[in-house]
$ cat target.cif   # mmCIF, C-alpha atoms and all ligand atoms
data_model
loop_
_atom_site.group_PDB
_atom_site.id
_atom_site.type_symbol
_atom_site.label_atom_id
_atom_site.label_comp_id
_atom_site.auth_asym_id
_atom_site.auth_seq_id
_atom_site.Cartn_x
_atom_site.Cartn_y
_atom_site.Cartn_z
ATOM 1 C CA MET O 1 84.025 15.635 131.231
ATOM 2 C CA LEU O 2 84.909 19.231 132.004
ATOM 3 C CA LYS O 3 88.129 18.090 133.727
ATOM 4 C CA GLU O 4 89.071 15.973 130.720
ATOM 5 C CA TYR O 5 88.427 18.925 128.470
ATOM 6 C CA GLU O 6 90.631 21.252 130.530
ATOM 7 C CA ARG O 7 93.358 18.599 130.554
ATOM 8 C CA GLU O 8 93.145 18.079 126.812
ATOM 9 C CA LYS O 9 93.517 21.815 126.205
ATOM 10 C CA GLU O 10 96.910 21.608 127.918
ATOM 11 C CA THR O 11 98.142 18.389 126.398
ATOM 12 C CA ASN O 12 96.573 17.544 123.033
ATOM 13 C CA LYS O 13 98.372 19.104 120.107
ATOM 14 C CA ASN O 14 95.191 18.768 118.037
ATOM 15 C CA HIS O 15 93.311 21.078 120.348
ATOM 16 C CA VAL O 16 93.975 24.336 118.593
ATOM 17 C CA ALA O 17 91.338 26.905 119.470
ATOM 18 C CA THR O 18 90.248 29.324 116.753
ATOM 19 C CA PRO O 19 90.821 33.034 117.418
ATOM 20 C CA ARG O 20 87.933 35.464 117.265
ATOM 21 C CA TRP O 21 89.056 37.267 114.092
ATOM 22 C CA VAL O 22 88.890 34.024 112.119
ATOM 23 C CA VAL O 23 85.358 33.397 113.367
ATOM 24 C CA GLU O 24 84.180 36.956 112.650
ATOM 25 C CA ASN O 25 85.788 36.846 109.221
ATOM 26 C CA ILE O 26 84.055 33.647 108.096
ATOM 27 C CA TYR O 27 80.723 34.667 109.654
ATOM 28 C CA ASP O 28 80.919 37.826 107.601
ATOM 29 C CA ILE O 29 81.913 36.069 104.365
ATOM 30 C CA ILE O 30 79.151 33.456 104.480
ATOM 31 C CA LYS O 31 76.535 35.814 105.955
ATOM 32 C CA ILE O 32 76.007 33.705 109.045
ATOM 33 C CA LYS O 33 72.694 35.384 109.906
ATOM 34 C CA SER O 34 71.137 33.838 106.806
ATOM 35 C CA PHE O 35 71.387 30.367 108.422
ATOM 36 C CA ASN O 36 68.621 29.126 110.695
ATOM 37 C CA SER O 37 69.928 25.929 112.234
ATOM 38 C CA ILE O 38 73.678 25.755 112.718
ATOM 39 C CA TRP O 39 75.776 22.908 114.111
ATOM 40 C CA PHE O 40 79.176 23.392 115.776
ATOM 41 C CA PRO O 41 80.244 19.756 116.236
ATOM 42 C CA PHE O 42 83.707 20.267 117.796
ATOM 43 C CA ASN O 43 82.914 23.161 120.074
ATOM 44 C CA ASN O 44 82.783 23.363 123.826
ATOM 45 C CA TYR O 45 81.624 26.195 126.097
ATOM 46 C CA ASP O 46 84.652 28.397 125.454
ATOM 47 C CA SER O 47 84.703 28.246 121.652
ATOM 48 C CA GLN O 48 84.692 31.575 119.839
ATOM 49 C CA PHE O 49 82.305 30.095 117.257
ATOM 50 C CA LYS O 50 79.808 29.599 120.048
ATOM 51 C CA LEU O 51 80.500 32.813 121.975
ATOM 52 C CA LYS O 52 80.102 34.924 118.842
ATOM 53 C CA ALA O 53 76.946 32.991 117.923
ATOM 54 C CA ASP O 54 75.507 33.880 121.338
ATOM 55 C CA GLU O 55 76.266 37.544 120.749
ATOM 56 C CA LEU O 56 74.528 37.407 117.374
ATOM 57 C CA LYS O 57 71.640 35.386 118.841
ATOM 58 C CA LEU O 58 72.053 32.671 116.230
ATOM 59 C CA LYS O 59 70.103 29.431 116.466
ATOM 60 C CA TYR O 60 72.673 26.652 116.929
ATOM 61 C CA LYS O 61 73.638 23.389 118.563
ATOM 62 C CA ALA O 62 77.214 23.136 119.884
ATOM 63 C CA THR O 63 78.571 19.681 120.697
ATOM 64 C CA HIS O 64 81.981 18.347 121.708
ATOM 65 C CA ILE O 65 83.462 14.976 122.576
ATOM 66 C CA PHE O 66 84.081 16.237 126.154
ATOM 67 C CA ASP O 67 80.734 17.941 126.734
ATOM 68 C CA ASP O 68 78.215 16.598 129.288
ATOM 69 C CA LEU O 69 76.916 13.994 126.840
ATOM 70 C CA GLY O 70 80.270 13.029 125.315
ATOM 71 C CA ASN O 71 78.997 14.024 121.887
ATOM 72 C CA ASP O 72 81.204 12.242 119.377
ATOM 73 C CA PHE O 73 80.879 13.862 115.942
ATOM 74 C CA PHE O 74 80.677 10.441 114.302
ATOM 75 C CA LYS O 75 77.662 9.396 116.372
ATOM 76 C CA THR O 76 75.888 12.693 117.000
ATOM 77 C CA GLU O 77 72.921 13.796 114.928
ATOM 78 C CA PRO O 78 72.858 17.331 113.534
ATOM 79 C CA PRO O 79 70.061 19.612 114.781
ATOM 80 C CA ALA O 80 66.738 19.446 112.923
ATOM 81 C CA SER O 81 66.737 21.173 109.512
ATOM 82 C CA CYS O 82 70.446 21.884 109.843
ATOM 83 C CA ASP O 83 71.472 24.292 107.106
ATOM 84 C CA LEU O 84 75.105 24.751 108.180
ATOM 85 C CA LEU O 85 77.836 22.718 109.873
ATOM 86 C CA ILE O 86 80.819 24.914 110.689
ATOM 87 C CA SER O 87 83.911 24.231 112.774
ATOM 88 C CA ASN O 88 87.615 23.829 113.150
ATOM 89 C CA PRO O 89 87.875 20.030 113.461
ATOM 90 C CA PRO O 90 90.834 17.988 114.745
ATOM 91 C CA PHE O 91 93.201 17.888 111.767
ATOM 92 C CA ASP O 92 94.402 14.370 112.563
ATOM 93 C CA GLN O 93 90.912 12.999 111.832
ATOM 94 C CA GLN O 94 90.288 15.072 108.750
ATOM 95 C CA ASN O 95 89.739 12.214 106.267
ATOM 96 C CA GLU O 96 86.967 10.656 108.329
ATOM 97 C CA ILE O 97 85.465 14.074 109.085
ATOM 98 C CA ILE O 98 85.383 15.101 105.418
ATOM 99 C CA LYS O 99 83.838 11.745 104.542
ATOM 100 C CA ARG O 100 81.118 12.063 107.183
ATOM 101 C CA SER O 101 80.372 15.676 106.262
ATOM 102 C CA PHE O 102 79.634 14.673 102.676
ATOM 103 C CA GLU O 103 77.592 11.706 103.901
ATOM 104 C CA LEU O 104 75.478 14.090 105.970
ATOM 105 C CA ILE O 105 74.999 16.208 102.834
ATOM 106 C CA GLU O 106 74.018 13.136 100.795
ATOM 107 C CA ASN O 107 71.556 12.030 103.502
ATOM 108 C CA GLY O 108 69.979 15.467 103.584
ATOM 109 C CA GLN O 109 70.929 15.906 107.262
ATOM 110 C CA ILE O 110 72.875 19.113 106.606
ATOM 111 C CA LYS O 111 72.603 21.515 103.688
ATOM 112 C CA ALA O 112 76.054 23.107 103.727
ATOM 113 C CA PHE O 113 79.315 23.056 105.608
ATOM 114 C CA CYS O 114 82.515 25.014 106.276
ATOM 115 C CA LEU O 115 85.515 23.155 107.678
ATOM 116 C CA LEU O 116 88.722 24.889 108.684
ATOM 117 C CA LEU O 117 91.520 22.576 107.607
ATOM 118 C CA PRO O 118 95.232 22.596 106.865
ATOM 119 C CA LEU O 119 95.996 23.670 103.302
ATOM 120 C CA SER O 120 97.466 20.217 102.755
ATOM 121 C CA THR O 121 93.900 18.903 102.836
ATOM 122 C CA LEU O 122 93.962 19.595 99.095
ATOM 123 C CA GLU O 123 96.627 16.917 98.674
ATOM 124 C CA THR O 124 96.391 13.144 98.557
ATOM 125 C CA GLU O 125 94.563 11.127 95.970
ATOM 126 C CA LYS O 126 91.857 10.059 98.395
ATOM 127 C CA ARG O 127 90.826 13.598 99.382
ATOM 128 C CA ALA O 128 91.334 14.950 95.863
ATOM 129 C CA ASN O 129 88.875 12.383 94.524
ATOM 130 C CA ILE O 130 86.267 13.411 97.070
ATOM 131 C CA TYR O 131 86.725 17.134 96.400
ATOM 132 C CA GLU O 132 86.559 16.540 92.632
ATOM 133 C CA LYS O 133 83.282 14.724 93.015
ATOM 134 C CA TYR O 134 81.708 17.723 94.782
ATOM 135 C CA ILE O 135 83.514 20.483 92.880
ATOM 136 C CA ASP O 136 80.270 22.046 91.575
ATOM 137 C CA LYS O 137 79.384 23.518 94.969
ATOM 138 C CA LEU O 138 82.819 23.609 96.540
ATOM 139 C CA SER O 139 84.635 26.810 97.516
ATOM 140 C CA ILE O 140 88.136 26.899 98.949
ATOM 141 C CA LEU O 141 89.098 29.978 100.961
ATOM 142 C CA ILE O 142 92.841 30.190 101.451
ATOM 143 C CA PHE O 143 94.269 32.319 104.257
ATOM 144 C CA LYS O 144 96.822 34.826 103.023
ATOM 145 C CA LYS O 145 98.460 34.840 106.423
ATOM 146 C CA ARG O 146 99.057 32.193 109.030
ATOM 147 C CA ILE O 147 96.595 31.889 111.900
ATOM 148 C CA LYS O 148 97.975 32.153 115.406
ATOM 149 C CA PHE O 149 95.696 29.710 117.199
ATOM 150 C CA ILE O 150 94.766 30.379 120.811
ATOM 151 C CA GLY O 151 97.014 28.672 123.325
ATOM 152 C CA ARG O 152 99.596 27.686 120.725
ATOM 153 C CA THR O 153 103.136 28.884 120.389
ATOM 154 C CA SER O 154 104.193 30.289 117.043
ATOM 155 C CA SER O 155 105.734 26.890 116.265
ATOM 156 C CA PHE O 156 102.215 25.723 115.301
ATOM 157 C CA ASN O 157 102.319 27.559 112.040
ATOM 158 C CA THR O 158 100.241 25.546 109.598
ATOM 159 C CA ALA O 159 98.825 27.130 106.443
ATOM 160 C CA CYS O 160 95.032 26.821 106.565
ATOM 161 C CA CYS O 161 91.982 27.071 104.370
ATOM 162 C CA TRP O 162 88.234 26.809 104.641
ATOM 163 C CA ILE O 163 86.611 24.003 102.688
ATOM 164 C CA CYS O 164 83.079 25.208 102.058
ATOM 165 C CA TYR O 165 80.275 23.296 100.420
ATOM 166 C CA ASN O 166 77.021 24.687 99.107
ATOM 167 C CA ILE O 167 77.357 28.181 100.566
ATOM 168 C CA ASN O 168 75.081 30.440 98.521
ATOM 169 C CA ASN O 169 77.193 33.536 99.000
ATOM 170 C CA LEU O 170 80.304 31.873 97.524
ATOM 171 C CA LYS O 171 80.261 31.720 93.746
ATOM 172 C CA ASN O 172 83.926 31.013 92.981
ATOM 173 C CA THR O 173 85.830 27.803 93.558
ATOM 174 C CA ILE O 174 88.825 29.580 95.000
ATOM 175 C CA TYR O 175 89.297 32.700 97.097
ATOM 176 C CA TRP O 176 92.192 34.202 99.046
ATOM 177 C CA ILE O 177 91.146 35.779 102.310
HETATM 178 C C1 LIG O 201 91.001 21.799 116.536
HETATM 179 S S1 LIG O 201 90.108 21.759 118.055
HETATM 180 C C2 LIG O 201 89.034 23.124 117.758
HETATM 181 C C3 LIG O 201 88.164 23.521 118.872
HETATM 182 C C4 LIG O 201 87.084 24.563 118.471
HETATM 183 N N1 LIG O 201 86.304 24.044 117.357
HETATM 184 C C5 LIG O 201 87.704 25.873 118.086
HETATM 185 O O1 LIG O 201 87.776 26.151 116.911
HETATM 186 O O2 LIG O 201 88.116 26.635 118.966
HETATM 187 C C6 LIG O 201 89.103 20.320 117.781
HETATM 188 C C7 LIG O 201 88.351 19.844 119.005
HETATM 189 O O3 LIG O 201 87.546 18.719 118.637
HETATM 190 C C8 LIG O 201 87.521 17.794 119.707
HETATM 191 N N2 LIG O 201 87.222 16.452 119.179
HETATM 192 C C9 LIG O 201 88.120 15.494 118.826
HETATM 193 N N3 LIG O 201 87.481 14.423 118.333
HETATM 194 C C10 LIG O 201 86.157 14.690 118.386
HETATM 195 C C11 LIG O 201 84.982 13.972 118.035
HETATM 196 N N4 LIG O 201 85.070 12.734 117.509
HETATM 197 N N5 LIG O 201 83.785 14.552 118.226
HETATM 198 C C12 LIG O 201 83.692 15.808 118.737
HETATM 199 N N6 LIG O 201 84.772 16.544 119.122
HETATM 200 C C13 LIG O 201 85.988 16.000 118.939
HETATM 201 C C14 LIG O 201 88.883 17.900 120.324
HETATM 202 O O4 LIG O 201 88.813 17.490 121.658
HETATM 203 C C15 LIG O 201 89.228 19.389 120.158
HETATM 204 O O5 LIG O 201 88.861 20.119 121.304
#

$ encode --input "target.cif" --output "structure tokens" --more "lines below"
Ligand SMILES: C[S@@+](CC[C@H](N)C(=O)[O-])C[C@H]1O[C@@H](n2cnc3c(N)ncnc32)[C@H](O)[C@@H]1O
Amino acid sequence: MLKEYEREKETNKNHVATPRWVVENIYDIIKIKSFNSIWFPFNNYDSQFKLKADELKLKYKATHIFDDLGNDFFKTEPPASCDLLISNPPFDQQNEIIKRSFELIENGQIKAFCLLLPLSTLETEKRANIYEKYIDKLSILIFKKRIKFIGRTSSFNTACCWICYNINNLKNTIYWI
């Protein structure tokens, strides 16, 4: 699995690794230390979400489709009493990922989530209808500047935002960060 992962990093345009400043910024905004059971569902050994969590001694479970167990997000259970799912998921699967994240909320398997997504996630009737349904606890954090993702040339220059649900520290529906 490790070989497949290293190969994917070279070849898959949806593998865009999040830089450290983005991780530190969101950890700060949501007060990451207030969460007791965190799930990183798209994160392998080298993810900054995980490395920073180690530094902070957070309690988390990190899984990835190319980890030792082949942990597919759609089939993997969150850790017990999961109070936060946070990650930068593959943008090409965003509709299914958003759908499953809200299902996990509905089932009581996670309490809150933060997903880093392209700003265009706010478009399309399908996604808009989902976001409208959960607007009461939704916060959208829009990046003022473009993120230079690790291992990407500047041609990958997508505007991004965080879609956050049920984060106590976020009181507004929209923020610019
Ligand atoms: C956009 S990258 C982000 C990686 C990491 N979260 C980060 O921010 O640095 C998304 C990763 O999710 C992995 N992935 C794709 N489909 C998956 C699935 N169904 N379950 C778990 N991981 C998946 C991809 O292989 C890719 O490495």

$ axis_aligned_box --input "target.cif" --around "ligand LIG 201 (chain O)" --padding-each-side "3 Å" --output "JSON"
{"center_x": 87.3, "center_y": 19.7, "center_z": 119.1, "size_x": 13.3, "size_y": 19.9, "size_z": 11.1}

$ closest_atom_pairs --input "target.cif" --of "chain O" --to "ligand LIG 201 (chain O)" --cutoff "7 Å" --atoms "only C-alpha atoms and all ligand atoms" --output "JSON lines"
{"residue": "O:Tyr5", "atom": "CA", "partner": "O:LIG201", "partner_atom": "O4", "distance": 7.0}
{"residue": "O:Glu8", "atom": "CA", "partner": "O:LIG201", "partner_atom": "O4", "distance": 6.8}
{"residue": "O:Lys9", "atom": "CA", "partner": "O:LIG201", "partner_atom": "O5", "distance": 7.0}
{"residue": "O:Asn14", "atom": "CA", "partner": "O:LIG201", "partner_atom": "C1", "distance": 5.4}
{"residue": "O:His15", "atom": "CA", "partner": "O:LIG201", "partner_atom": "S1", "distance": 4.0}
{"residue": "O:Val16", "atom": "CA", "partner": "O:LIG201", "partner_atom": "C1", "distance": 4.4}
{"residue": "O:Ala17", "atom": "CA", "partner": "O:LIG201", "partner_atom": "O2", "distance": 3.3}
{"residue": "O:Thr18", "atom": "CA", "partner": "O:LIG201", "partner_atom": "O1", "distance": 4.0}
{"residue": "O:Pro41", "atom": "CA", "partner": "O:LIG201", "partner_atom": "C12", "distance": 5.8}
{"residue": "O:Phe42", "atom": "CA", "partner": "O:LIG201", "partner_atom": "N6", "distance": 4.1}
{"residue": "O:Asn43", "atom": "CA", "partner": "O:LIG201", "partner_atom": "N1", "distance": 4.4}
{"residue": "O:Asn44", "atom": "CA", "partner": "O:LIG201", "partner_atom": "C4", "distance": 7.0}
{"residue": "O:Ser47", "atom": "CA", "partner": "O:LIG201", "partner_atom": "O2", "distance": 4.6}
{"residue": "O:Gln48", "atom": "CA", "partner": "O:LIG201", "partner_atom": "O2", "distance": 6.1}
{"residue": "O:Phe49", "atom": "CA", "partner": "O:LIG201", "partner_atom": "O1", "distance": 6.8}
{"residue": "O:Thr63", "atom": "CA", "partner": "O:LIG201", "partner_atom": "C12", "distance": 6.7}
{"residue": "O:His64", "atom": "CA", "partner": "O:LIG201", "partner_atom": "N6", "distance": 4.2}
{"residue": "O:Ile65", "atom": "CA", "partner": "O:LIG201", "partner_atom": "C12", "distance": 3.9}
{"residue": "O:Phe66", "atom": "CA", "partner": "O:LIG201", "partner_atom": "O4", "distance": 6.6}
{"residue": "O:Asn71", "atom": "CA", "partner": "O:LIG201", "partner_atom": "C12", "distance": 5.9}
{"residue": "O:Asp72", "atom": "CA", "partner": "O:LIG201", "partner_atom": "N5", "distance": 3.6}
{"residue": "O:Phe73", "atom": "CA", "partner": "O:LIG201", "partner_atom": "N5", "distance": 3.8}
{"residue": "O:Phe74", "atom": "CA", "partner": "O:LIG201", "partner_atom": "N4", "distance": 5.9}
{"residue": "O:Ser87", "atom": "CA", "partner": "O:LIG201", "partner_atom": "N1", "distance": 5.2}
{"residue": "O:Asn88", "atom": "CA", "partner": "O:LIG201", "partner_atom": "N1", "distance": 4.4}
{"residue": "O:Pro89", "atom": "CA", "partner": "O:LIG201", "partner_atom": "C6", "distance": 4.5}
{"residue": "O:Pro90", "atom": "CA", "partner": "O:LIG201", "partner_atom": "C6", "distance": 4.2}
{"residue": "O:Phe91", "atom": "CA", "partner": "O:LIG201", "partner_atom": "C1", "distance": 6.5}

$ closest_residue --input "target.cif" --among "O:Tyr131, O:Val23, O:Trp176, O:Ile38" --to "Phe143 of chain O" --atoms "only C-alpha atoms"
O:Trp176

$ closest_residue --input "target.cif" --among "O:Tyr60, O:Asp54, O:Gly151, O:Arg127" --to "Asn12 of chain O" --atoms "all atoms listed in the file"
O:Gly151

$ resolve_selection --input "target.cif" --expression "the PyMOL selection byres (((chain O and resi 133-136) around 9) and not hetatm)" --output "MDAnalysis selection string"
chainID O and resid 102 128:132 137:139 165:166 173

$ residues_around --input "target.cif" --residues "Cys114 of chain O" --least-positions-apart "6" --cutoff "7 Å" --atoms "all atoms listed in the file" --output "list in words"
Leu85, Ile86, Ser87, Trp162, Ile163, Cys164 and Tyr165 of chain O

$ closest_residue --input "target.cif" --among "O:Ile167, O:Asn107, O:Leu141, O:Leu2" --to "Gly70 of chain O" --atoms "all atoms listed in the file"
O:Leu2

$ residues_near_point --input "target.cif" --point "(91.9, 25.5, 103.9)" --cutoff "8 Å" --atoms "all atoms listed in the file" --output "list in words"
Leu115, Leu116, Leu117, Pro118, Leu119, Ser120, Thr121, Leu122, Ile140, Leu141, Ile142, Phe143, Ala159, Cys160, Cys161, Trp162 and Ile163 of chain O

$ write_last_selection --input "target.cif" --atoms "C-alpha atoms" --output "mmCIF file, keeping the file's coordinate frame"
data_model
loop_
_atom_site.group_PDB
_atom_site.id
_atom_site.type_symbol
_atom_site.label_atom_id
_atom_site.label_comp_id
_atom_site.auth_asym_id
_atom_site.auth_seq_id
_atom_site.Cartn_x
_atom_site.Cartn_y
_atom_site.Cartn_z
ATOM 1 C CA LEU O 115 85.515 23.155 107.678
ATOM 2 C CA LEU O 116 88.722 24.889 108.684
ATOM 3 C CA LEU O 117 91.520 22.576 107.607
ATOM 4 C CA PRO O 118 95.232 22.596 106.865
ATOM 5 C CA LEU O 119 95.996 23.670 103.302
ATOM 6 C CA SER O 120 97.466 20.217 102.755
ATOM 7 C CA THR O 121 93.900 18.903 102.836
ATOM 8 C CA LEU O 122 93.962 19.595 99.095
ATOM 9 C CA ILE O 140 88.136 26.899 98.949
ATOM 10 C CA LEU O 141 89.098 29.978 100.961
ATOM 11 C CA ILE O 142 92.841 30.190 101.451
ATOM 12 C CA PHE O 143 94.269 32.319 104.257
ATOM 13 C CA ALA O 159 98.825 27.130 106.443
ATOM 14 C CA CYS O 160 95.032 26.821 106.565
ATOM 15 C CA CYS O 161 91.982 27.071 104.370
ATOM 16 C CA TRP O 162 88.234 26.809 104.641
ATOM 17 C CA ILE O 163 86.611 24.003 102.688
#

$ closest_residue --input "target.cif" --among "O:Arg7, O:Lys75, O:Lys52, O:Lys126" --to "Asn95 of chain O" --atoms "only C-alpha atoms"
O:Lys126

$ atom_distance --input "target.cif" --atom1 "atom CA of Ile174 of chain O" --atom2 "atom CA of Lys144 of chain O"
12.5 Å

$ residues_around --input "target.cif" --residues "Trp21 of chain O" --least-positions-apart "5" --cutoff "10 Å" --atoms "only C-alpha atoms" --output "list in words"
Ile26, Tyr27, Gln48 and Ile147 of chain O

$ atom_distance --input "target.cif" --atom1 "atom CA of Arg20 of chain O" --atom2 "atom CA of Glu103 of chain O"
29.2 Å

$ closest_residue --input "target.cif" --among "O:Glu125, O:Glu77, O:Asp68, O:Asp92" --to "Trp39 of chain O" --atoms "all atoms listed in the file"
O:Glu77

$ atom_distance --input "target.cif" --atom1 "atom CA of Cys82 of chain O" --atom2 "atom CA of Lys111 of chain O"
6.5 Å

$ decode --input "target.cif" --residues "segment 51-69 of chain O" --atoms "C-alpha atoms" --output "compact mmCIF listing (two decimals), in the first residue's frame"
# COMPACT_ATOMS: atom_id res chain seq x y z
CA LEU O 51 2.09 15.55 12.13
CA LYS O 52 0.79 18.68 13.84
CA ALA O 53 -1.67 16.56 15.85
CA ASP O 54 1.27 14.48 17.09
CA GLU O 55 3.09 17.62 18.17
CA LEU O 56 0.02 18.80 20.07
CA LYS O 57 -0.55 15.31 21.50
CA LEU O 58 -4.12 15.24 20.23
CA LYS O 59 -6.20 12.08 20.44
CA TYR O 60 -6.98 11.06 16.84
CA LYS O 61 -7.42 8.31 14.30
CA ALA O 62 -5.84 8.90 10.87
CA THR O 63 -6.97 6.69 7.99
CA HIS O 64 -6.31 6.66 4.25
CA ILE O 65 -7.31 4.53 1.29
CA PHE O 66 -3.64 3.49 0.87
CA ASP O 67 -2.82 2.82 4.52
CA ASP O 68 -2.07 -0.71 5.80
CA LEU O 69 -5.77 -1.54 6.07
